[in-house]
file run.cif (mmCIF, C-alpha atoms)
data_coords
#
loop_
_atom_site.group_PDB
_atom_site.id
_atom_site.type_symbol
_atom_site.label_atom_id
_atom_site.label_comp_id
_atom_site.auth_asym_id
_atom_site.auth_seq_id
_atom_site.Cartn_x
_atom_site.Cartn_y
_atom_site.Cartn_z
ATOM 1 C CA MET A 1 0.000 0.000 0.000
ATOM 2 C CA LYS A 2 1.537 3.271 -1.163
ATOM 3 C CA ARG A 3 -1.181 5.972 -0.883
ATOM 4 C CA ILE A 4 -4.257 6.441 1.294
ATOM 5 C CA LEU A 5 -7.004 8.916 0.404
ATOM 6 C CA CYS A 6 -9.024 10.085 3.402
ATOM 7 C CA ALA A 7 -12.203 11.964 2.460
ATOM 8 C CA ILE A 8 -13.788 14.073 5.187
ATOM 9 C CA ASP A 9 -16.790 16.307 5.673
ATOM 10 C CA LEU A 10 -15.610 19.588 7.175
ATOM 11 C CA SER A 11 -19.073 20.380 8.532
ATOM 12 C CA HIS A 12 -18.511 17.615 11.138
ATOM 13 C CA GLU A 13 -15.097 18.560 12.516
ATOM 14 C CA ASP A 14 -15.018 16.176 15.510
ATOM 15 C CA GLU A 15 -15.926 13.232 13.297
ATOM 16 C CA ALA A 16 -13.391 14.337 10.686
ATOM 17 C CA ARG A 17 -10.651 14.281 13.312
ATOM 18 C CA LYS A 18 -11.575 10.684 14.241
ATOM 19 C CA ILE A 19 -11.423 9.585 10.610
ATOM 20 C CA ILE A 20 -8.079 11.332 10.100
ATOM 21 C CA ALA A 21 -6.694 9.621 13.220
ATOM 22 C CA GLU A 22 -7.615 6.220 11.756
ATOM 23 C CA ALA A 23 -6.107 7.179 8.404
ATOM 24 C CA GLU A 24 -2.872 8.249 10.083
ATOM 25 C CA LYS A 25 -2.642 4.937 11.956
ATOM 26 C CA LEU A 26 -3.009 2.997 8.728
ATOM 27 C CA ALA A 27 -0.576 5.250 6.873
ATOM 28 C CA GLY A 28 1.971 4.618 9.616
ATOM 29 C CA LEU A 29 1.344 0.881 9.619
ATOM 30 C CA TYR A 30 1.865 0.616 5.859
ATOM 31 C CA ASP A 31 4.385 3.460 5.551
ATOM 32 C CA ALA A 32 1.968 4.983 3.033
ATOM 33 C CA ALA A 33 1.524 8.578 1.903
ATOM 34 C CA LEU A 34 -1.643 10.258 3.171
ATOM 35 C CA SER A 35 -3.945 12.535 1.199
ATOM 36 C CA LEU A 36 -6.833 14.376 2.845
ATOM 37 C CA MET A 37 -9.698 15.653 0.776
ATOM 38 C CA THR A 38 -13.014 17.397 1.065
ATOM 39 C CA VAL A 39 -15.627 18.308 -1.510
ATOM 40 C CA VAL A 40 -17.446 21.625 -1.812
ATOM 41 C CA PRO A 41 -20.867 21.218 -3.442
ATOM 42 C CA ASP A 42 -21.092 22.883 -6.850
ATOM 43 C CA TYR A 43 -24.007 25.257 -6.868
ATOM 44 C CA GLY A 44 -22.310 27.776 -9.146
ATOM 45 C CA SER A 45 -23.562 26.422 -12.461
ATOM 46 C CA SER A 46 -27.107 25.757 -11.297
ATOM 47 C CA TRP A 47 -30.091 28.029 -10.980
ATOM 48 C CA VAL A 48 -29.354 28.299 -7.248
ATOM 49 C CA GLY A 49 -25.916 29.681 -8.071
ATOM 50 C CA SER A 50 -27.494 32.732 -9.654
ATOM 51 C CA PHE A 51 -28.479 33.921 -6.160
ATOM 52 C CA PHE A 52 -24.875 34.111 -4.960
ATOM 53 C CA LYS A 53 -22.444 36.880 -5.785
ATOM 54 C CA GLU A 54 -19.623 36.099 -8.182
ATOM 55 C CA GLY A 55 -16.590 34.614 -6.464
ATOM 56 C CA THR A 56 -18.526 32.944 -3.644
ATOM 57 C CA LEU A 57 -17.616 29.440 -4.800
ATOM 58 C CA LYS A 58 -13.940 30.407 -5.106
ATOM 59 C CA ASP A 59 -14.047 31.869 -1.580
ATOM 60 C CA ALA A 60 -15.720 28.693 -0.281
ATOM 61 C CA THR A 61 -13.040 26.532 -1.906
ATOM 62 C CA GLU A 62 -10.238 28.602 -0.375
ATOM 63 C CA ALA A 63 -11.927 28.462 3.041
ATOM 64 C CA ALA A 64 -12.276 24.688 2.697
ATOM 65 C CA MET A 65 -8.545 24.353 1.993
ATOM 66 C CA THR A 66 -7.711 26.425 5.078
ATOM 67 C CA ALA A 67 -10.107 24.348 7.191
ATOM 68 C CA LEU A 68 -8.637 21.114 5.805
ATOM 69 C CA TYR A 69 -5.175 22.202 6.968
ATOM 70 C CA ASP A 70 -6.601 23.259 10.348
ATOM 71 C CA VAL A 71 -8.309 19.914 10.934
ATOM 72 C CA GLY A 72 -5.682 17.628 9.417
ATOM 73 C CA GLY A 73 -2.443 19.509 9.888
ATOM 74 C CA SER A 74 0.302 19.654 7.302
ATOM 75 C CA THR A 75 2.202 16.549 8.451
ATOM 76 C CA THR A 76 1.342 13.191 9.991
ATOM 77 C CA THR A 77 2.367 12.328 13.530
ATOM 78 C CA ARG A 78 5.372 10.606 11.875
ATOM 79 C CA GLY A 79 6.360 13.926 10.314
ATOM 80 C CA GLU A 80 5.441 12.902 6.762
ATOM 81 C CA PRO A 81 3.792 15.578 4.587
ATOM 82 C CA ILE A 82 0.052 15.323 3.990
ATOM 83 C CA GLN A 83 -1.402 16.155 0.597
ATOM 84 C CA HIS A 84 -4.544 18.339 0.788
ATOM 85 C CA ILE A 85 -7.194 18.195 -1.928
ATOM 86 C CA VAL A 86 -10.317 20.326 -2.283
ATOM 87 C CA LYS A 87 -12.663 19.602 -5.165
ATOM 88 C CA VAL A 88 -15.948 21.140 -6.254
ATOM 89 C CA GLY A 89 -18.759 18.893 -7.404
ATOM 90 C CA VAL A 90 -20.725 15.812 -6.458
ATOM 91 C CA THR A 91 -19.078 14.281 -3.388
ATOM 92 C CA TYR A 92 -18.797 10.632 -4.351
ATOM 93 C CA GLU A 93 -17.829 11.441 -7.947
ATOM 94 C CA GLU A 94 -15.032 13.758 -6.835
ATOM 95 C CA ILE A 95 -13.729 11.223 -4.294
ATOM 96 C CA LEU A 96 -13.595 8.526 -6.965
ATOM 97 C CA ALA A 97 -11.887 10.869 -9.444
ATOM 98 C CA ALA A 98 -9.301 11.978 -6.878
ATOM 99 C CA ALA A 99 -8.581 8.364 -5.941
ATOM 100 C CA LYS A 100 -7.827 7.562 -9.570
ATOM 101 C CA THR A 101 -5.729 10.696 -10.057
ATOM 102 C CA ILE A 102 -3.476 10.036 -7.068
ATOM 103 C CA MET A 103 -3.584 6.253 -7.581
ATOM 104 C CA ALA A 104 -4.899 5.576 -4.078
ATOM 105 C CA ASP A 105 -4.638 2.019 -2.798
ATOM 106 C CA LEU A 106 -7.166 2.698 -0.038
ATOM 107 C CA ILE A 107 -9.995 5.200 0.333
ATOM 108 C CA ILE A 108 -11.198 6.021 3.842
ATOM 109 C CA VAL A 109 -14.612 7.638 4.339
ATOM 110 C CA GLY A 110 -16.879 8.129 7.328
ATOM 111 C CA ALA A 111 -20.491 7.073 7.581
ATOM 112 C CA HIS A 112 -23.286 7.485 10.072
ATOM 113 C CA LYS A 113 -25.646 4.697 10.985
ATOM 114 C CA PRO A 114 -27.844 4.360 7.898
ATOM 115 C CA ASP A 115 -31.426 5.549 8.126
ATOM 116 C CA LEU A 116 -34.315 4.916 5.776
ATOM 117 C CA ALA A 117 -33.355 7.801 3.463
ATOM 118 C CA ASP A 118 -29.829 6.391 3.107
ATOM 119 C CA ARG A 119 -31.223 2.970 2.220
ATOM 120 C CA LEU A 120 -33.354 4.467 -0.543
ATOM 121 C CA MET A 121 -30.964 7.065 -2.004
ATOM 122 C CA GLY A 122 -27.560 5.610 -1.207
ATOM 123 C CA PRO A 123 -25.119 7.683 0.872
ATOM 124 C CA ASN A 124 -21.806 8.881 -0.496
ATOM 125 C CA ALA A 125 -19.859 6.236 1.422
ATOM 126 C CA ALA A 126 -21.912 3.438 -0.145
ATOM 127 C CA ARG A 127 -21.489 4.896 -3.616
ATOM 128 C CA VAL A 128 -17.751 5.221 -3.157
ATOM 129 C CA ALA A 129 -17.538 1.624 -1.914
ATOM 130 C CA ARG A 130 -19.627 0.356 -4.831
ATOM 131 C CA HIS A 131 -17.731 2.124 -7.596
ATOM 132 C CA ALA A 132 -14.126 2.462 -6.364
ATOM 133 C CA ASP A 133 -11.247 0.654 -8.016
ATOM 134 C CA ALA A 134 -9.339 0.741 -4.718
ATOM 135 C CA SER A 135 -10.231 -0.836 -1.388
ATOM 136 C CA VAL A 136 -12.564 1.258 0.757
ATOM 137 C CA LEU A 137 -12.628 1.510 4.547
ATOM 138 C CA ILE A 138 -15.828 2.959 5.966
ATOM 139 C CA VAL A 139 -15.357 4.319 9.488
ATOM 140 C CA ARG A 140 -18.651 4.210 11.429
ATOM 141 C CA LEU A 141 -19.325 7.380 13.368
#
call {"tool": "encode", "arguments": {"input": "run.cif", "output": "structure tokens"}}
result
Amino acid sequence: MKRILCAIDLSHEDEARKIIAEAEKLAGLYDAALSLMTVVPDYGSSWVGSFFKEGTLKDATEAAMTALYDVGGSTTTRGEPIQHIVKVGVTYEEILAAAKTIMADLIIVGAHKPDLADRLMGPNAARVARHADASVLIVRL
């Protein structure tokens, strides 16, 4: 195992920290590089986007990158550098695309206990697990 991609939701900071801690343990165990990522929803090209001032999505992306560094740090506890990735789009699609781009051997995502809506629509974690070329670890929160 050479590279681990850890996808987190910045709106749940405490849970994100738990997922990152698990990712760091595995990266240390396998002496693998660690990449942290988050996805900002793309509302800019939709009708909803017309209600926001120009540059809002760019500002949100920059804020997400800052928050990703704040939550995950710039290095692992072993002192290895962490790659930070912020994408704009549909969450599971962007996670899958990033995993291919960086050639991740393992994707780590968090998931809550599924409720009825998740069973009908399919949460992001389930979609990532179903469609990923790499192994997927789902951390229950």
call {"tool": "residues_near_point", "arguments": {"input": "run.cif", "point": "(-4.2, 11.3, -5.0)", "cutoff": "8 Å", "atoms": "only C-alpha atoms", "output": "MDAnalysis selection string"}}
result
chainID A and resid 3:5 35 83 98:104
call {"tool": "closest_atom_pairs", "arguments": {"input": "run.cif", "of": "region 11-124 of chain A", "to": "region 130-133 of chain A", "cutoff": "12 Å", "atoms": "only C-alpha atoms", "output": "tab-separated table"}}
result
residue	atom	partner	partner_atom	distance
A:Tyr92	CA	A:His131	CA	9.2
A:Glu93	CA	A:His131	CA	9.3
A:Glu94	CA	A:Ala132	CA	11.3
A:Ile95	CA	A:Ala132	CA	9.0
A:Leu96	CA	A:Ala132	CA	6.1
A:Ala97	CA	A:Ala132	CA	9.2
A:Ala98	CA	A:Ala132	CA	10.7
A:Ala99	CA	A:Ala132	CA	8.1
A:Lys100	CA	A:Asp133	CA	7.9
A:Thr101	CA	A:Asp133	CA	11.6
A:Met103	CA	A:Asp133	CA	9.5
A:Ala104	CA	A:Asp133	CA	8.9
A:Asp105	CA	A:Asp133	CA	8.5
A:Leu106	CA	A:Asp133	CA	9.2
A:Ile107	CA	A:Ala132	CA	8.3
A:Ile108	CA	A:Ala132	CA	11.2
A:Val109	CA	A:Ala132	CA	11.9
A:Gly122	CA	A:Arg130	CA	10.2
A:Pro123	CA	A:Arg130	CA	10.8
A:Asn124	CA	A:Arg130	CA	9.8
call {"tool": "closest_residue", "arguments": {"input": "run.cif", "among": "A:Ile85, A:Arg127, A:Ala63, A:Ser11", "to": "Leu34 (chain A)", "atoms": "all atoms listed in the file"}}
result
A:Ile85
call {"tool": "residues_around", "arguments": {"input": "run.cif", "residues": "Arg140 (chain A)", "least_positions_apart": "5", "cutoff": "12 Å", "atoms": "all atoms listed in the file", "output": "number ranges by chain"}}
result
A: 15-16, 18-19, 22, 108-114, 125
call {"tool": "write_last_selection", "arguments": {"input": "run.cif", "atoms": "C-alpha atoms", "output": "short mmCIF file (atom, residue, chain, number, x, y, z; two decimals), keeping the file's coordinate frame"}}
result
data_model
loop_
_atom_site.label_atom_id
_atom_site.label_comp_id
_atom_site.auth_asym_id
_atom_site.auth_seq_id
_atom_site.Cartn_x
_atom_site.Cartn_y
_atom_site.Cartn_z
CA GLU A 15 -15.93 13.23 13.30
CA ALA A 16 -13.39 14.34 10.69
CA LYS A 18 -11.58 10.68 14.24
CA ILE A 19 -11.42 9.59 10.61
CA GLU A 22 -7.62 6.22 11.76
CA ILE A 108 -11.20 6.02 3.84
CA VAL A 109 -14.61 7.64 4.34
CA GLY A 110 -16.88 8.13 7.33
CA ALA A 111 -20.49 7.07 7.58
CA HIS A 112 -23.29 7.48 10.07
CA LYS A 113 -25.65 4.70 10.98
CA PRO A 114 -27.84 4.36 7.90
CA ALA A 125 -19.86 6.24 1.42
#
call {"tool": "closest_residue", "arguments": {"input": "run.cif", "among": "A:Ala60, A:Met65, A:Leu36, A:Val86", "to": "Arg17 (chain A)", "atoms": "all atoms listed in the file"}}
result
A:Leu36
call {"tool": "atom_distance", "arguments": {"input": "run.cif", "atom1": "CA of Val136 (chain A)", "atom2": "CA of Val39 (chain A)"}}
result
17.5 Å
call {"tool": "residues_near_point", "arguments": {"input": "run.cif", "point": "(3.6, 5.9, 5.2)", "cutoff": "10 Å", "atoms": "all atoms listed in the file", "output": "count of residues only"}}
result
20
call {"tool": "atom_distance", "arguments": {"input": "run.cif", "atom1": "CA of Leu68 (chain A)", "atom2": "CA of Ala21 (chain A)"}}
result
13.8 Å
call {"tool": "atom_distance", "arguments": {"input": "run.cif", "atom1": "CA of Asp59 (chain A)", "atom2": "CA of Ala23 (chain A)"}}
result
27.8 Å
call {"tool": "closest_residue", "arguments": {"input": "run.cif", "among": "A:Val71, A:Ala134, A:Val40, A:Cys6", "to": "Val88 (chain A)", "atoms": "only C-alpha atoms"}}
result
A:Val40
call {"tool": "resolve_selection", "arguments": {"input": "run.cif", "expression": "the PyMOL selection byres ((chain A and resi 89) around 6)", "output": "JSON, numbers by chain"}}
result
{"A": [41, 42, 88, 90]}
call {"tool": "axis_aligned_box", "arguments": {"input": "run.cif", "around": "region 121-136 of chain A", "padding_each_side": "6 Å", "output": "AutoDock Vina command-line options"}}
result
--center_x -20.2 --center_y 4.0 --center_z -3.3 --size_x 33.6 --size_y 21.7 --size_z 21.4
call {"tool": "closest_residue", "arguments": {"input": "run.cif", "among": "A:Leu57, A:Ile20, A:Leu10, A:Ala126", "to": "Gly73 (chain A)", "atoms": "all atoms listed in the file"}}
result
A:Ile20
call {"tool": "build_atoms", "arguments": {"input": "run.cif", "residues": "region 67-88 of chain A", "atoms": "N, CA, C and O atoms", "output": "PDB file, in the frame of the given file"}}
result
ATOM      1  N   ALA A  67      -9.512  25.209   6.162  1.00  0.00           N
ATOM      2  CA  ALA A  67     -10.107  24.348   7.191  1.00  0.00           C
ATOM      3  C   ALA A  67      -9.517  22.941   7.144  1.00  0.00           C
ATOM      4  O   ALA A  67      -9.313  22.310   8.188  1.00  0.00           O
ATOM      5  N   LEU A  68      -9.229  22.446   5.951  1.00  0.00           N
ATOM      6  CA  LEU A  68      -8.637  21.114   5.805  1.00  0.00           C
ATOM      7  C   LEU A  68      -7.261  21.063   6.471  1.00  0.00           C
ATOM      8  O   LEU A  68      -6.932  20.101   7.170  1.00  0.00           O
ATOM      9  N   TYR A  69      -6.474  22.117   6.295  1.00  0.00           N
ATOM     10  CA  TYR A  69      -5.175  22.202   6.968  1.00  0.00           C
ATOM     11  C   TYR A  69      -5.360  22.315   8.480  1.00  0.00           C
ATOM     12  O   TYR A  69      -4.609  21.710   9.247  1.00  0.00           O
ATOM     13  N   ASP A  70      -6.358  23.089   8.917  1.00  0.00           N
ATOM     14  CA  ASP A  70      -6.601  23.259  10.348  1.00  0.00           C
ATOM     15  C   ASP A  70      -6.987  21.944  11.016  1.00  0.00           C
ATOM     16  O   ASP A  70      -6.525  21.632  12.109  1.00  0.00           O
ATOM     17  N   VAL A  71      -7.831  21.174  10.364  1.00  0.00           N
ATOM     18  CA  VAL A  71      -8.309  19.914  10.934  1.00  0.00           C
ATOM     19  C   VAL A  71      -7.260  18.812  10.811  1.00  0.00           C
ATOM     20  O   VAL A  71      -7.053  18.037  11.737  1.00  0.00           O
ATOM     21  N   GLY A  72      -6.595  18.741   9.676  1.00  0.00           N
ATOM     22  CA  GLY A  72      -5.682  17.628   9.417  1.00  0.00           C
ATOM     23  C   GLY A  72      -4.219  17.903   9.625  1.00  0.00           C
ATOM     24  O   GLY A  72      -3.408  16.978   9.644  1.00  0.00           O
ATOM     25  N   GLY A  73      -3.853  19.172   9.764  1.00  0.00           N
ATOM     26  CA  GLY A  73      -2.443  19.509   9.888  1.00  0.00           C
ATOM     27  C   GLY A  73      -1.730  19.390   8.554  1.00  0.00           C
ATOM     28  O   GLY A  73      -2.316  19.003   7.540  1.00  0.00           O
ATOM     29  N   SER A  74      -0.466  19.716   8.546  1.00  0.00           N
ATOM     30  CA  SER A  74       0.302  19.654   7.302  1.00  0.00           C
ATOM     31  C   SER A  74       1.195  18.425   7.246  1.00  0.00           C
ATOM     32  O   SER A  74       1.693  18.056   6.190  1.00  0.00           O
ATOM     33  N   THR A  75       1.404  17.770   8.414  1.00  0.00           N
ATOM     34  CA  THR A  75       2.202  16.549   8.451  1.00  0.00           C
ATOM     35  C   THR A  75       1.513  15.521   9.349  1.00  0.00           C
ATOM     36  O   THR A  75       0.728  15.871  10.228  1.00  0.00           O
ATOM     37  N   THR A  76       1.853  14.248   9.124  1.00  0.00           N
ATOM     38  CA  THR A  76       1.342  13.191   9.991  1.00  0.00           C
ATOM     39  C   THR A  76       2.103  13.225  11.309  1.00  0.00           C
ATOM     40  O   THR A  76       3.080  13.960  11.453  1.00  0.00           O
ATOM     41  N   THR A  77       1.659  12.407  12.251  1.00  0.00           N
ATOM     42  CA  THR A  77       2.367  12.328  13.530  1.00  0.00           C
ATOM     43  C   THR A  77       3.771  11.774  13.350  1.00  0.00           C
ATOM     44  O   THR A  77       4.641  11.988  14.181  1.00  0.00           O
ATOM     45  N   ARG A  78       4.029  11.110  12.209  1.00  0.00           N
ATOM     46  CA  ARG A  78       5.372  10.606  11.875  1.00  0.00           C
ATOM     47  C   ARG A  78       6.230  11.682  11.230  1.00  0.00           C
ATOM     48  O   ARG A  78       7.388  11.458  10.938  1.00  0.00           O
ATOM     49  N   GLY A  79       5.624  12.845  10.951  1.00  0.00           N
ATOM     50  CA  GLY A  79       6.360  13.926  10.314  1.00  0.00           C
ATOM     51  C   GLY A  79       6.330  13.897   8.799  1.00  0.00           C
ATOM     52  O   GLY A  79       7.010  14.686   8.146  1.00  0.00           O
ATOM     53  N   GLU A  80       5.568  12.983   8.222  1.00  0.00           N
ATOM     54  CA  GLU A  80       5.441  12.902   6.762  1.00  0.00           C
ATOM     55  C   GLU A  80       4.462  13.965   6.263  1.00  0.00           C
ATOM     56  O   GLU A  80       3.446  14.231   6.902  1.00  0.00           O
ATOM     57  N   PRO A  81       4.714  14.567   5.115  1.00  0.00           N
ATOM     58  CA  PRO A  81       3.792  15.578   4.587  1.00  0.00           C
ATOM     59  C   PRO A  81       2.446  14.963   4.187  1.00  0.00           C
ATOM     60  O   PRO A  81       2.393  13.816   3.735  1.00  0.00           O
ATOM     61  N   ILE A  82       1.396  15.733   4.379  1.00  0.00           N
ATOM     62  CA  ILE A  82       0.052  15.323   3.990  1.00  0.00           C
ATOM     63  C   ILE A  82      -0.357  16.137   2.771  1.00  0.00           C
ATOM     64  O   ILE A  82      -0.202  17.365   2.758  1.00  0.00           O
ATOM     65  N   GLN A  83      -0.868  15.465   1.769  1.00  0.00           N
ATOM     66  CA  GLN A  83      -1.402  16.155   0.597  1.00  0.00           C
ATOM     67  C   GLN A  83      -2.836  16.581   0.918  1.00  0.00           C
ATOM     68  O   GLN A  83      -3.616  15.807   1.479  1.00  0.00           O
ATOM     69  N   HIS A  84      -3.198  17.813   0.551  1.00  0.00           N
ATOM     70  CA  HIS A  84      -4.544  18.339   0.788  1.00  0.00           C
ATOM     71  C   HIS A  84      -5.224  18.584  -0.553  1.00  0.00           C
ATOM     72  O   HIS A  84      -4.634  19.225  -1.434  1.00  0.00           O
ATOM     73  N   ILE A  85      -6.449  18.087  -0.674  1.00  0.00           N
ATOM     74  CA  ILE A  85      -7.194  18.195  -1.928  1.00  0.00           C
ATOM     75  C   ILE A  85      -8.586  18.745  -1.632  1.00  0.00           C
ATOM     76  O   ILE A  85      -9.296  18.206  -0.788  1.00  0.00           O
ATOM     77  N   VAL A  86      -8.958  19.802  -2.345  1.00  0.00           N
ATOM     78  CA  VAL A  86     -10.317  20.326  -2.283  1.00  0.00           C
ATOM     79  C   VAL A  86     -10.866  20.310  -3.697  1.00  0.00           C
ATOM     80  O   VAL A  86     -10.255  20.856  -4.611  1.00  0.00           O
ATOM     81  N   LYS A  87     -11.999  19.673  -3.860  1.00  0.00           N
ATOM     82  CA  LYS A  87     -12.663  19.602  -5.165  1.00  0.00           C
ATOM     83  C   LYS A  87     -14.052  20.190  -5.052  1.00  0.00           C
ATOM     84  O   LYS A  87     -14.628  20.249  -3.967  1.00  0.00           O
ATOM     85  N   VAL A  88     -14.594  20.595  -6.180  1.00  0.00           N
ATOM     86  CA  VAL A  88     -15.948  21.140  -6.254  1.00  0.00           C
ATOM     87  C   VAL A  88     -16.765  20.196  -7.122  1.00  0.00           C
ATOM     88  O   VAL A  88     -16.355  19.856  -8.231  1.00  0.00           O
TER      89      VAL A  88
END
